[in-house]
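Okay, upload_1.txt now, which holds compact mmCIF, C-alpha atoms:
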```
# COMPACT_ATOMS: atom_id res chain seq x y z
CA MET A 1 -41.75 16.56 19.40
CA PHE A 2 -45.32 17.72 19.50
CA TYR A 3 -48.44 15.80 20.35
CA ALA A 4 -51.69 16.99 18.84
CA LYS A 5 -55.18 15.90 19.72
CA VAL A 6 -57.54 16.74 16.88
CA PHE A 7 -61.28 16.63 17.56
CA VAL A 8 -63.56 16.33 14.55
CA THR A 9 -67.30 16.70 15.13
CA LEU A 10 -70.34 16.96 12.92
CA LYS A 11 -71.59 20.54 12.67
CA LYS A 12 -74.32 21.30 15.19
CA SER A 13 -76.85 21.84 12.41
CA ILE A 14 -76.39 18.30 11.09
CA ALA A 15 -78.27 15.29 12.41
CA ASP A 16 -76.00 12.61 13.82
CA PRO A 17 -77.47 9.10 13.33
CA HIS A 18 -74.49 7.53 15.17
CA GLY A 19 -75.02 9.70 18.22
CA ASN A 20 -78.71 9.04 18.09
CA ALA A 21 -78.19 5.27 18.07
CA ILE A 22 -75.96 5.60 21.13
CA LYS A 23 -78.54 7.78 22.86
CA GLU A 24 -81.27 5.23 22.23
CA ALA A 25 -79.02 2.49 23.62
CA LEU A 26 -78.26 4.50 26.76
CA LEU A 27 -81.95 5.21 27.32
CA SER A 28 -82.86 1.55 26.84
CA MET A 29 -80.19 0.65 29.42
CA GLY A 30 -82.03 2.81 31.89
CA TYR A 31 -79.88 5.92 31.84
CA ASP A 32 -82.79 8.32 32.22
CA GLY A 33 -82.18 11.93 31.45
CA VAL A 34 -79.84 11.40 28.48
CA LYS A 35 -81.03 14.23 26.26
CA ASP A 36 -78.55 14.22 23.41
CA VAL A 37 -75.50 12.29 22.24
CA ARG A 38 -73.16 13.45 19.50
CA MET A 39 -70.30 11.31 18.29
CA GLY A 40 -67.07 12.65 16.87
CA LYS A 41 -63.54 11.55 16.15
CA LEU A 42 -60.35 11.97 18.11
CA ILE A 43 -57.20 11.87 16.00
CA GLU A 44 -53.86 11.77 17.82
CA ILE A 45 -50.80 12.94 15.94
CA LYS A 46 -47.17 12.92 16.98
CA LEU A 47 -45.25 15.41 14.95
CA GLU A 48 -41.62 16.49 14.67
CA ASP A 49 -41.44 20.19 14.05
CA GLY A 50 -39.21 23.19 14.67
CA SER A 51 -41.54 25.22 16.83
CA SER A 52 -44.96 25.15 18.40
CA ALA A 53 -46.16 27.84 16.00
CA LYS A 54 -45.08 25.80 12.99
CA ALA A 55 -46.70 22.66 14.38
CA GLN A 56 -49.94 24.62 14.92
CA GLU A 57 -49.86 25.86 11.37
CA ARG A 58 -49.32 22.40 9.95
CA ILE A 59 -51.99 20.76 12.08
CA LYS A 60 -54.50 23.39 10.96
CA LYS A 61 -53.61 22.71 7.34
CA MET A 62 -53.99 18.95 7.89
CA CYS A 63 -57.46 19.58 9.32
CA ASP A 64 -58.53 21.77 6.42
CA THR A 65 -57.25 19.44 3.72
CA LEU A 66 -57.77 15.92 5.05
CA LEU A 67 -58.79 15.39 8.66
CA ALA A 68 -62.12 17.22 8.51
CA ASN A 69 -64.62 17.85 5.73
CA THR A 70 -65.62 21.40 6.59
CA VAL A 71 -68.86 21.10 4.60
CA ILE A 72 -70.23 18.89 7.37
CA GLU A 73 -67.66 18.93 10.18
CA ASP A 74 -66.03 21.29 12.66
CA TYR A 75 -62.64 20.67 14.16
CA SER A 76 -60.51 21.83 17.08
CA TYR A 77 -57.13 20.77 18.37
CA GLU A 78 -54.78 20.91 21.33
CA ILE A 79 -51.04 20.76 20.87
CA THR A 80 -48.49 20.03 23.59
CA GLU A 81 -44.75 19.59 23.45
CA VAL A 82 -43.65 16.11 24.54
CA GLN A 83 -40.41 14.20 24.94
CA PRO A 84 -39.66 12.11 21.82
CA MET B 85 -64.76 6.46 -27.51
CA ARG B 86 -62.12 5.75 -24.93
CA PHE B 87 -63.22 5.46 -21.31
CA GLY B 88 -60.81 5.32 -18.38
CA VAL B 89 -61.99 3.50 -15.27
CA VAL B 90 -59.90 4.58 -12.29
CA VAL B 91 -58.88 1.81 -9.92
CA PHE B 92 -58.19 2.99 -6.37
CA PRO B 93 -57.17 0.61 -3.61
CA GLY B 94 -60.57 -0.64 -2.46
CA SER B 95 -62.50 0.10 -5.65
CA ASN B 96 -64.81 -2.85 -6.29
CA CYS B 97 -67.18 -1.76 -9.04
CA ASP B 98 -64.34 -1.09 -11.47
CA ILE B 99 -64.80 -4.42 -13.22
CA ASP B 100 -68.56 -3.85 -13.51
CA CYS B 101 -67.96 -0.45 -15.13
CA TYR B 102 -65.35 -1.91 -17.45
CA HIS B 103 -67.71 -4.72 -18.43
CA ALA B 104 -70.62 -2.35 -19.00
CA LEU B 105 -68.57 -0.02 -21.18
CA ARG B 106 -66.62 -2.61 -23.11
CA ASP B 107 -68.84 -5.65 -23.42
CA VAL B 108 -72.29 -4.08 -23.33
CA MET B 109 -71.70 -0.62 -24.82
CA GLY B 110 -68.95 -1.78 -27.18
CA GLN B 111 -66.60 1.04 -26.27
CA ASP B 112 -62.88 1.15 -25.75
CA ALA B 113 -62.21 1.06 -22.01
CA GLU B 114 -59.06 0.81 -19.94
CA TYR B 115 -58.34 0.56 -16.26
CA ILE B 116 -56.32 3.45 -14.82
CA TRP B 117 -54.32 2.64 -11.70
CA HIS B 118 -54.63 5.41 -9.12
CA ARG B 119 -50.95 6.27 -9.45
CA ALA B 120 -51.27 7.09 -13.17
CA THR B 121 -50.33 10.61 -14.17
CA ASN B 122 -51.40 10.79 -17.79
CA LEU B 123 -55.01 10.82 -18.96
CA ASP B 124 -54.40 12.33 -22.39
CA SER B 125 -55.77 9.40 -24.36
CA PHE B 126 -59.17 9.32 -22.65
CA ASP B 127 -62.48 10.90 -23.61
CA CYS B 128 -64.28 10.22 -20.34
CA ILE B 129 -63.13 9.28 -16.83
CA VAL B 130 -65.16 6.98 -14.57
CA LEU B 131 -64.60 6.88 -10.81
CA PRO B 132 -66.25 3.59 -9.84
CA GLY B 133 -67.93 2.52 -6.64
CA GLY B 134 -66.33 0.53 -3.86
CA SER B 135 -64.77 1.33 -0.57
CA THR B 136 -61.59 3.24 -1.34
CA TYR B 137 -59.00 2.88 1.41
CA GLY B 138 -61.59 0.94 3.37
CA GLY B 139 -63.61 4.12 3.78
CA TYR B 140 -61.29 5.12 6.62
CA LEU B 141 -61.60 8.67 7.96
CA ARG B 142 -64.46 9.46 5.56
CA CYS B 143 -65.58 7.79 2.32
CA GLY B 144 -63.40 9.08 -0.50
CA ALA B 145 -61.29 11.31 1.75
CA ILE B 146 -58.02 9.47 1.21
CA ALA B 147 -58.57 8.47 -2.43
CA ARG B 148 -59.05 12.14 -3.18
CA PHE B 149 -55.28 12.54 -2.63
CA SER B 150 -54.27 9.69 -4.93
CA PRO B 151 -51.82 10.93 -7.60
CA VAL B 152 -54.33 10.42 -10.41
CA MET B 153 -56.76 12.89 -8.85
CA GLU B 154 -54.70 15.92 -9.81
CA ARG B 155 -54.96 14.77 -13.41
CA VAL B 156 -58.68 14.06 -13.00
CA MET B 157 -59.15 17.63 -11.78
CA GLU B 158 -57.31 19.00 -14.82
CA PHE B 159 -59.35 16.67 -17.04
CA ALA B 160 -62.56 18.02 -15.49
CA GLN B 161 -61.41 21.62 -15.72
CA SER B 162 -60.74 21.14 -19.43
CA GLY B 163 -64.46 20.41 -19.82
CA LYS B 164 -64.27 16.67 -20.48
CA PRO B 165 -66.85 14.41 -18.83
CA VAL B 166 -66.13 12.78 -15.48
CA ILE B 167 -68.64 10.49 -13.78
CA GLY B 168 -68.35 9.31 -10.18
CA ILE B 169 -70.62 6.48 -9.11
CA SER B 170 -71.35 5.71 -5.45
CA ASP B 171 -67.93 5.86 -3.74
CA GLY B 172 -66.68 7.67 -6.85
CA PHE B 173 -69.28 10.35 -6.03
CA HIS B 174 -67.73 10.61 -2.55
CA VAL B 175 -64.29 11.09 -4.08
CA LEU B 176 -65.61 13.92 -6.28
CA THR B 177 -67.21 15.78 -3.37
CA GLU B 178 -64.11 15.30 -1.24
CA ALA B 179 -62.00 16.67 -4.09
CA GLY B 180 -64.25 19.71 -4.33
CA LEU B 181 -65.22 18.89 -7.92
CA LEU B 182 -68.83 18.62 -6.78
CA PRO B 183 -70.66 20.58 -4.08
CA GLY B 184 -71.92 19.09 -0.83
CA ALA B 185 -70.94 16.05 1.18
CA MET B 186 -72.32 12.67 2.17
CA LEU B 187 -73.52 11.64 5.62
CA ARG B 188 -74.32 8.22 7.04
CA ASN B 189 -77.70 6.88 5.83
CA ARG B 190 -80.37 8.19 8.18
CA ASN B 191 -81.46 4.68 9.20
CA MET B 192 -77.81 3.68 9.91
CA LYS B 193 -78.16 0.72 7.53
CA PHE B 194 -76.18 -0.28 4.50
CA ILE B 195 -78.86 -0.31 1.81
CA CYS B 196 -78.65 -2.69 -1.12
CA ASP B 197 -81.83 -2.31 -3.12
CA ASN B 198 -83.42 -1.14 -6.35
CA VAL B 199 -84.66 2.43 -6.25
CA TYR B 200 -86.36 4.79 -8.66
CA ILE B 201 -84.80 8.07 -9.68
CA LYS B 202 -86.23 10.93 -11.66
CA VAL B 203 -84.17 12.76 -14.26
CA GLU B 204 -84.31 16.41 -13.22
CA ASN B 205 -81.92 17.72 -15.84
CA SER B 206 -81.77 16.02 -19.23
CA GLY B 207 -79.38 18.60 -20.61
CA THR B 208 -76.18 17.09 -19.23
CA PRO B 209 -73.61 14.92 -21.04
CA PHE B 210 -74.86 12.03 -18.89
CA THR B 211 -78.61 12.36 -19.39
CA ASN B 212 -79.07 13.86 -22.85
CA LEU B 213 -80.93 10.79 -24.14
CA CYS B 214 -83.32 10.79 -21.18
CA GLY B 215 -86.62 12.56 -21.20
CA ASP B 216 -87.09 15.35 -18.66
CA GLY B 217 -88.77 13.75 -15.67
CA GLN B 218 -88.06 10.22 -16.94
CA VAL B 219 -88.02 7.64 -14.15
CA LEU B 220 -85.16 5.13 -14.08
CA LYS B 221 -84.88 2.03 -11.92
CA MET B 222 -81.38 1.48 -10.59
CA PRO B 223 -79.71 -0.37 -7.75
CA ILE B 224 -78.01 1.37 -4.85
CA ALA B 225 -75.52 -0.23 -2.45
CA HIS B 226 -74.15 2.13 0.15
CA GLY B 227 -74.04 3.04 3.82
CA ASP B 228 -73.13 6.69 3.34
CA GLY B 229 -75.38 8.12 0.67
CA ASN B 230 -77.20 10.78 2.64
CA TYR B 231 -76.47 13.83 0.52
CA TYR B 232 -76.04 17.15 2.29
CA ALA B 233 -75.30 20.70 1.21
CA ASP B 234 -75.88 23.92 3.15
CA SER B 235 -78.86 26.06 2.16
CA ASP B 236 -76.86 28.64 0.18
CA THR B 237 -75.12 25.92 -1.81
CA LEU B 238 -78.40 24.13 -2.39
CA ARG B 239 -80.08 27.29 -3.67
CA GLU B 240 -77.22 27.89 -6.07
CA MET B 241 -77.40 24.28 -7.25
CA GLU B 242 -81.14 24.52 -7.89
CA GLU B 243 -80.69 27.77 -9.83
CA ASN B 244 -78.02 26.16 -12.02
CA LYS B 245 -79.99 22.92 -12.51
CA GLN B 246 -77.20 20.97 -10.84
CA VAL B 247 -79.56 18.47 -9.24
CA VAL B 248 -79.61 15.80 -11.94
CA PHE B 249 -81.45 12.94 -10.19
CA ARG B 250 -83.86 12.67 -7.28
CA TYR B 251 -85.15 9.53 -5.58
CA CYS B 252 -88.81 9.09 -6.42
CA SER B 253 -91.71 6.63 -6.38
CA PRO B 254 -92.14 4.28 -9.37
CA GLU B 255 -94.59 6.86 -10.74
CA GLY B 256 -92.08 9.67 -10.40
CA HIS B 257 -93.35 11.39 -7.26
CA ILE B 258 -90.67 12.88 -5.02
CA THR B 259 -91.75 11.64 -1.60
CA ASP B 260 -90.08 10.98 1.73
CA GLU B 261 -91.05 7.29 1.47
CA SER B 262 -89.09 7.00 -1.76
CA ASN B 263 -85.98 8.56 -0.19
CA PRO B 264 -83.87 5.56 0.84
CA ASN B 265 -81.08 7.27 2.75
CA GLY B 266 -82.29 10.64 3.98
CA SER B 267 -80.67 12.71 1.23
CA LEU B 268 -81.55 16.37 1.29
CA GLN B 269 -84.43 17.04 -1.12
CA ASN B 270 -84.21 13.39 -2.28
CA ILE B 271 -80.99 14.22 -4.16
CA ALA B 272 -79.49 11.13 -5.83
CA GLY B 273 -77.10 12.79 -8.27
CA VAL B 274 -75.59 16.21 -8.88
CA CYS B 275 -73.35 17.86 -11.43
CA ASN B 276 -70.94 20.75 -11.26
CA ARG B 277 -71.86 24.22 -12.47
CA GLU B 278 -70.42 23.53 -15.94
CA GLY B 279 -72.30 20.22 -16.16
CA ASN B 280 -69.36 18.02 -17.18
CA VAL B 281 -68.81 16.36 -13.79
CA LEU B 282 -71.55 14.10 -12.43
CA GLY B 283 -71.80 12.22 -9.16
CA MET B 284 -74.58 9.72 -8.52
CA MET B 285 -75.24 7.18 -5.77
CA PRO B 286 -77.38 4.81 -7.90
CA GLN B 287 -75.23 2.49 -9.98
CA PRO B 288 -75.96 2.43 -13.72
CA GLU B 289 -73.21 -0.13 -14.41
CA ARG B 290 -75.20 -2.66 -12.36
CA CYS B 291 -78.26 -2.47 -14.62
CA VAL B 292 -77.13 -2.81 -18.21
CA GLU B 293 -78.39 -6.33 -18.95
CA GLU B 294 -81.71 -8.06 -18.32
CA ILE B 295 -79.92 -10.78 -16.38
CA LEU B 296 -78.98 -8.08 -13.86
CA GLY B 297 -82.61 -7.13 -13.38
CA GLY B 298 -82.87 -4.21 -15.73
CA ARG B 299 -81.24 -2.10 -18.40
CA ASP B 300 -82.00 1.43 -17.26
CA GLY B 301 -78.32 2.14 -16.72
CA ILE B 302 -77.62 1.97 -20.44
CA VAL B 303 -79.13 5.38 -21.12
CA ILE B 304 -76.48 7.02 -18.92
CA PHE B 305 -73.56 5.50 -20.82
CA GLN B 306 -75.31 5.97 -24.18
CA SER B 307 -75.81 9.65 -23.33
CA ILE B 308 -72.09 10.06 -22.65
CA ILE B 309 -71.27 8.42 -25.98
CA ASN B 310 -73.84 10.61 -27.74
CA TYR B 311 -72.34 13.70 -26.10
CA LEU B 312 -68.80 12.72 -27.06
CA LYS B 313 -69.92 12.20 -30.65
CA GLY B 314 -71.21 15.75 -30.67
CA GLY B 315 -74.84 14.91 -30.08
CA THR B 316 -77.01 17.11 -27.89
CA ALA B 317 -80.13 16.81 -25.83
CA GLY B 318 -82.12 17.19 -29.06
CA GLY B 319 -81.19 13.78 -30.40
CA LYS B 320 -83.40 11.70 -28.16
CA GLU B 321 -84.15 8.28 -29.48
CA THR B 322 -85.64 5.17 -28.01
CA LEU B 323 -82.93 2.88 -26.76
```
As structure tokens, what does this structure read like?
Amino acid sequence: MFYAKVFVTLKKSIADPHGNAIKEALLSMGYDGVKDVRMGKLIEIKLEDGSSAKAQERIKKMCDTLLANTVIEDYSYEITEVQP
Amino acid sequence: MRFGVVVFPGSNCDIDCYHALRDVMGQDAEYIWHRATNLDSFDCIVLPGGSTYGGYLRCGAIARFSPVMERVMEFAQSGKPVIGISDGFHVLTEAGLLPGAMLRNRNMKFICDNVYIKVENSGTPFTNLCGDGQVLKMPIAHGDGNYYADSDTLREMEENKQVVFRYCSPEGHITDESNPNGSLQNIAGVCNREGNVLGMMPQPERCVEEILGGRDGIVIFQSIINYLKGGTAGGKETL
């Protein structure tokens, strides 16, 4: 069994109104020095697969087709083998 | 003409589209459940607004993999007209039938309001009865209508006249104040390179009767009917 953590974030070049709202909240709470906040998604996937390489390949495909919209988002992932 | 209105789980403007086409425009219209796999009997496909699959992950991202979408892609590739309104626009960008993507509105608010849009290309199957530069008043109702495309894509779109509508002032000026959601270059609607697939955030089906506050949406549906009957941009008449 494999456990994948997929991180989906807005591309750096794209303004992030969510992150900005959080930043404004942090500043209004008195957290001086907060310069930038970007918000993304963490998607956790448990996956049965034959090998780590195959799991990697499938996770990448999932990212490209569904999990991220690569017009506006970047993605990265970490995969570890876990006990079922 | 036979219109097919696709019903995804979470579509909620399907009935409005059906009503506009059938009761107001007097056309043949049928609902198409998202699991349908045959669109042969239709002349035009409508992807209505709503919140498909609750908008989870991204608007339109999951609906894009509904079984009917493969058929919609074939339908579009065969050159027949496909119109996606609001969430239907999202589905079309997610499916890659239209360029670009949608971001959260810049003010973080769900906006339900009447806006003005300018017809930038009156040569499409959806605008052929509009005048070039004509201003239409239409309602919007969305939280994620902030259109984005990278600069290369945008340049290509401008060259091919793929920007069909822009948000504008009542007088037709393209200004930042008249841009409700932060869309790049005030873009409110775009078509594909071939011109037979349109996505628009404003909702023409919500303004087809005076009781709804206006009738500017009629020209969009009338244009499609005109196009399907073999009419062209030349046949402009007062509606």
Revision key, fill the gap. From the list A:Leu67, A:Leu27, A:Asp49, A:Lys35, the nearest residue to chain B using only C-alpha atoms is A:Leu67
Review point. Neighbours of Gly184 (chain B) within 9 Å (only C-alpha atoms; same-chain residues fewer than 3 positions away dropped), as a VMD selection string?
Key: (chain A and resid 71 to 72) or (chain B and resid 177 to 178 180 231 to 234 237 to 238)
**Study point:** 9 Å contacts from chain B to chain A using only C-alpha atoms, as a list in words
**Key:**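 Interface list for chain B against chain A: Leu141, Arg142, Ala145, Ile146, Phe149, Glu178, Pro183, Gly184, Ala185, Met186, Leu187, Arg188, Asn189, Arg190, Asn191, Met192, Tyr232, Ala233 and Asp234 of chain B.
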Exercise: region 196-199 of chain B partners within 7 Å, only C-alpha atoms, chain neighbours under 4 positions left out, as a short mmCIF file (atom, residue, chain, number, x, y, z; two decimals) with C-alpha atoms, in the frame of the given file:
```
data_model
loop_
_atom_site.label_atom_id
_atom_site.label_comp_id
_atom_site.auth_asym_id
_atom_site.auth_seq_id
_atom_site.Cartn_x
_atom_site.Cartn_y
_atom_site.Cartn_z
CA LYS B 221 -84.88 2.03 -11.92
CA MET B 222 -81.38 1.48 -10.59
CA PRO B 223 -79.71 -0.37 -7.75
CA ILE B 224 -78.01 1.37 -4.85
CA ALA B 225 -75.52 -0.23 -2.45
CA HIS B 226 -74.15 2.13 0.15
#
```
Review point. Which is closer to Arg119 (chain B) than all the others in B:Gly144, B:Pro93, B:Gly229, B:Pro254, using all atoms listed in the file?
Key: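 Between B:Gly144, B:Pro93, B:Gly229, B:Pro254, the residue approaching Arg119 (chain B) most closely is B:Pro93.
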Please define a box with edges along x, y and z of the file around all atoms of region 69-83 of chain A given in the file, extend it by 6 Å on each side, and return its centre and edge lengths in Å to one decimal, as JSON.
```
{"center_x": -55.3, "center_y": 18.0, "center_z": 14.8, "size_x": 41.8, "size_y": 19.6, "size_z": 32.3}
```
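For the choices B:Pro264, B:Pro151, B:Gly94, B:Pro132, the atom-to-atom distance to Lys193 (chain B) is smallest for B:Pro264 when using all atoms listed in the file.
When only C-alpha atoms are used to measure the gap to Val8 (chain A), the shortest distance among A:Ile79, A:Asp74, A:Lys60, A:Met29 belongs to A:Asp74.
All protein and nucleic acid residues in the vicinity of (-66.5, -0.9, -14.7), that is within 10 Å when counting all atoms listed in the file, are Phe87, Gly88, Val89, Val90, Val91, Ser95, Asn96, Cys97, Asp98, Ile99, Asp100, Cys101, Tyr102, His103, Ala104, Leu105, Arg106, Ala113, Glu114, Tyr115, Val130, Leu131, Pro132, Gly133, Glu289 and Arg290 of chain B.
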Check your understanding: In Å, how far is it from CA of Gly301 (chain B) to CA of Phe159 (chain B)?
Key ->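 So the two atoms, CA of Gly301 (chain B) and CA of Phe159 (chain B), lie 23.9 Å apart.
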Review point. Which of these residues is nearest to Thr9 (chain A), using all atoms listed in the file: A:Gly50, A:Arg38, A:Tyr77, A:Glu44?
Key: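 Going through A:Gly50, A:Arg38, A:Tyr77, A:Glu44 one by one, the smallest distance to Thr9 (chain A) is for A:Arg38.
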**Study point:** Contacts of Gln83 (chain A) within 12 Å, only C-alpha atoms, excl. fewer than 5 positions in-chain, as JSON, numbers by chain
**Key:** {"A": [1, 2, 3, 46, 47, 48]}
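Using only C-alpha atoms, the nearest neighbour of Val274 (chain B) within the list B:Asp236, B:Glu255, B:Glu204, B:Glu293 is B:Glu204.
With CA of Val247 (chain B) on one side and CA of Arg155 (chain B) on the other, the separation reads 25.2 Å.
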Saving region 115-124 of chain B with all heavy atoms, as a PDB file, in the first residue's frame, what would that file be?
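And here's result-v3.pdb as it stands now:
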```pdb
ATOM      1  N   TYR B 115     -33.887  17.272 -21.780  1.00  0.00           N
ATOM      2  CA  TYR B 115     -32.818  17.125 -20.797  1.00  0.00           C
ATOM      3  C   TYR B 115     -31.963  15.927 -21.194  1.00  0.00           C
ATOM      4  O   TYR B 115     -32.468  14.934 -21.726  1.00  0.00           O
ATOM      5  CB  TYR B 115     -33.387  16.870 -19.406  1.00  0.00           C
ATOM      6  CG  TYR B 115     -34.135  18.041 -18.813  1.00  0.00           C
ATOM      7  CD1 TYR B 115     -35.493  17.947 -18.539  1.00  0.00           C
ATOM      8  CD2 TYR B 115     -33.479  19.231 -18.527  1.00  0.00           C
ATOM      9  CE1 TYR B 115     -36.185  19.022 -17.994  1.00  0.00           C
ATOM     10  CE2 TYR B 115     -34.162  20.307 -17.983  1.00  0.00           C
ATOM     11  CZ  TYR B 115     -35.503  20.198 -17.716  1.00  0.00           C
ATOM     12  OH  TYR B 115     -36.181  21.263 -17.181  1.00  0.00           O
ATOM     13  N   ILE B 116     -30.655  16.018 -20.918  1.00  0.00           N
ATOM     14  CA  ILE B 116     -29.752  14.889 -21.167  1.00  0.00           C
ATOM     15  C   ILE B 116     -29.065  14.570 -19.841  1.00  0.00           C
ATOM     16  O   ILE B 116     -28.287  15.387 -19.329  1.00  0.00           O
ATOM     17  CB  ILE B 116     -28.670  15.256 -22.203  1.00  0.00           C
ATOM     18  CG1 ILE B 116     -29.303  15.727 -23.516  1.00  0.00           C
ATOM     19  CG2 ILE B 116     -27.737  14.074 -22.449  1.00  0.00           C
ATOM     20  CD1 ILE B 116     -28.288  16.306 -24.505  1.00  0.00           C
ATOM     21  N   TRP B 117     -29.369  13.427 -19.276  1.00  0.00           N
ATOM     22  CA  TRP B 117     -28.705  13.041 -18.025  1.00  0.00           C
ATOM     23  C   TRP B 117     -27.212  12.833 -18.298  1.00  0.00           C
ATOM     24  O   TRP B 117     -26.833  12.410 -19.392  1.00  0.00           O
ATOM     25  CB  TRP B 117     -29.375  11.768 -17.479  1.00  0.00           C
ATOM     26  CG  TRP B 117     -28.843  11.248 -16.166  1.00  0.00           C
ATOM     27  CD1 TRP B 117     -28.419   9.976 -15.917  1.00  0.00           C
ATOM     28  CD2 TRP B 117     -28.695  11.964 -14.933  1.00  0.00           C
ATOM     29  NE1 TRP B 117     -28.026   9.867 -14.607  1.00  0.00           N
ATOM     30  CE2 TRP B 117     -28.171  11.067 -13.975  1.00  0.00           C
ATOM     31  CE3 TRP B 117     -28.942  13.291 -14.545  1.00  0.00           C
ATOM     32  CZ2 TRP B 117     -27.886  11.433 -12.652  1.00  0.00           C
ATOM     33  CZ3 TRP B 117     -28.648  13.661 -13.222  1.00  0.00           C
ATOM     34  CH2 TRP B 117     -28.146  12.735 -12.301  1.00  0.00           C
ATOM     35  N   HIS B 118     -26.384  13.143 -17.317  1.00  0.00           N
ATOM     36  CA  HIS B 118     -24.939  13.168 -17.562  1.00  0.00           C
ATOM     37  C   HIS B 118     -24.344  11.794 -17.882  1.00  0.00           C
ATOM     38  O   HIS B 118     -23.183  11.698 -18.246  1.00  0.00           O
ATOM     39  CB  HIS B 118     -24.212  13.798 -16.372  1.00  0.00           C
ATOM     40  CG  HIS B 118     -24.114  12.898 -15.176  1.00  0.00           C
ATOM     41  ND1 HIS B 118     -22.912  12.472 -14.660  1.00  0.00           N
ATOM     42  CD2 HIS B 118     -25.074  12.317 -14.425  1.00  0.00           C
ATOM     43  CE1 HIS B 118     -23.152  11.678 -13.623  1.00  0.00           C
ATOM     44  NE2 HIS B 118     -24.438  11.574 -13.461  1.00  0.00           N
ATOM     45  N   ARG B 119     -25.155  10.742 -17.732  1.00  0.00           N
ATOM     46  CA  ARG B 119     -24.653   9.415 -18.076  1.00  0.00           C
ATOM     47  C   ARG B 119     -25.016   9.012 -19.505  1.00  0.00           C
ATOM     48  O   ARG B 119     -24.697   7.910 -19.951  1.00  0.00           O
ATOM     49  CB  ARG B 119     -25.196   8.368 -17.100  1.00  0.00           C
ATOM     50  CG  ARG B 119     -24.718   8.585 -15.678  1.00  0.00           C
ATOM     51  CD  ARG B 119     -24.755   7.299 -14.873  1.00  0.00           C
ATOM     52  NE  ARG B 119     -24.015   7.452 -13.636  1.00  0.00           N
ATOM     53  CZ  ARG B 119     -22.703   7.325 -13.524  1.00  0.00           C
ATOM     54  NH1 ARG B 119     -21.973   6.998 -14.569  1.00  0.00           N
ATOM     55  NH2 ARG B 119     -22.095   7.493 -12.364  1.00  0.00           N
ATOM     56  N   ALA B 120     -25.714   9.900 -20.211  1.00  0.00           N
ATOM     57  CA  ALA B 120     -26.133   9.580 -21.589  1.00  0.00           C
ATOM     58  C   ALA B 120     -24.912   9.411 -22.491  1.00  0.00           C
ATOM     59  O   ALA B 120     -23.865  10.023 -22.268  1.00  0.00           O
ATOM     60  CB  ALA B 120     -27.016  10.701 -22.124  1.00  0.00           C
ATOM     61  N   THR B 121     -25.066   8.558 -23.485  1.00  0.00           N
ATOM     62  CA  THR B 121     -23.927   8.316 -24.375  1.00  0.00           C
ATOM     63  C   THR B 121     -24.300   8.475 -25.851  1.00  0.00           C
ATOM     64  O   THR B 121     -23.553   8.068 -26.719  1.00  0.00           O
ATOM     65  CB  THR B 121     -23.354   6.899 -24.161  1.00  0.00           C
ATOM     66  OG1 THR B 121     -24.426   5.961 -24.266  1.00  0.00           O
ATOM     67  CG2 THR B 121     -22.688   6.760 -22.807  1.00  0.00           C
ATOM     68  N   ASN B 122     -25.462   9.081 -26.105  1.00  0.00           N
ATOM     69  CA  ASN B 122     -25.831   9.288 -27.499  1.00  0.00           C
ATOM     70  C   ASN B 122     -26.450  10.675 -27.685  1.00  0.00           C
ATOM     71  O   ASN B 122     -27.478  10.990 -27.089  1.00  0.00           O
ATOM     72  CB  ASN B 122     -26.836   8.201 -27.933  1.00  0.00           C
ATOM     73  CG  ASN B 122     -27.073   8.230 -29.426  1.00  0.00           C
ATOM     74  OD1 ASN B 122     -26.880   9.249 -30.088  1.00  0.00           O
ATOM     75  ND2 ASN B 122     -27.508   7.104 -29.973  1.00  0.00           N
ATOM     76  N   LEU B 123     -25.790  11.486 -28.496  1.00  0.00           N
ATOM     77  CA  LEU B 123     -26.282  12.854 -28.715  1.00  0.00           C
ATOM     78  C   LEU B 123     -26.685  13.064 -30.169  1.00  0.00           C
ATOM     79  O   LEU B 123     -26.821  14.199 -30.630  1.00  0.00           O
ATOM     80  CB  LEU B 123     -25.187  13.865 -28.330  1.00  0.00           C
ATOM     81  CG  LEU B 123     -24.616  13.774 -26.909  1.00  0.00           C
ATOM     82  CD1 LEU B 123     -23.544  14.836 -26.698  1.00  0.00           C
ATOM     83  CD2 LEU B 123     -25.717  13.930 -25.870  1.00  0.00           C
ATOM     84  N   ASP B 124     -26.867  11.961 -30.877  1.00  0.00           N
ATOM     85  CA  ASP B 124     -27.093  12.036 -32.330  1.00  0.00           C
ATOM     86  C   ASP B 124     -28.287  12.894 -32.740  1.00  0.00           C
ATOM     87  O   ASP B 124     -28.278  13.509 -33.794  1.00  0.00           O
ATOM     88  CB  ASP B 124     -27.294  10.630 -32.911  1.00  0.00           C
ATOM     89  CG  ASP B 124     -26.004   9.830 -32.867  1.00  0.00           C
ATOM     90  OD1 ASP B 124     -24.937  10.454 -32.601  1.00  0.00           O
ATOM     91  OD2 ASP B 124     -26.050   8.604 -33.076  1.00  0.00           O
TER      92      ASP B 124
END
```
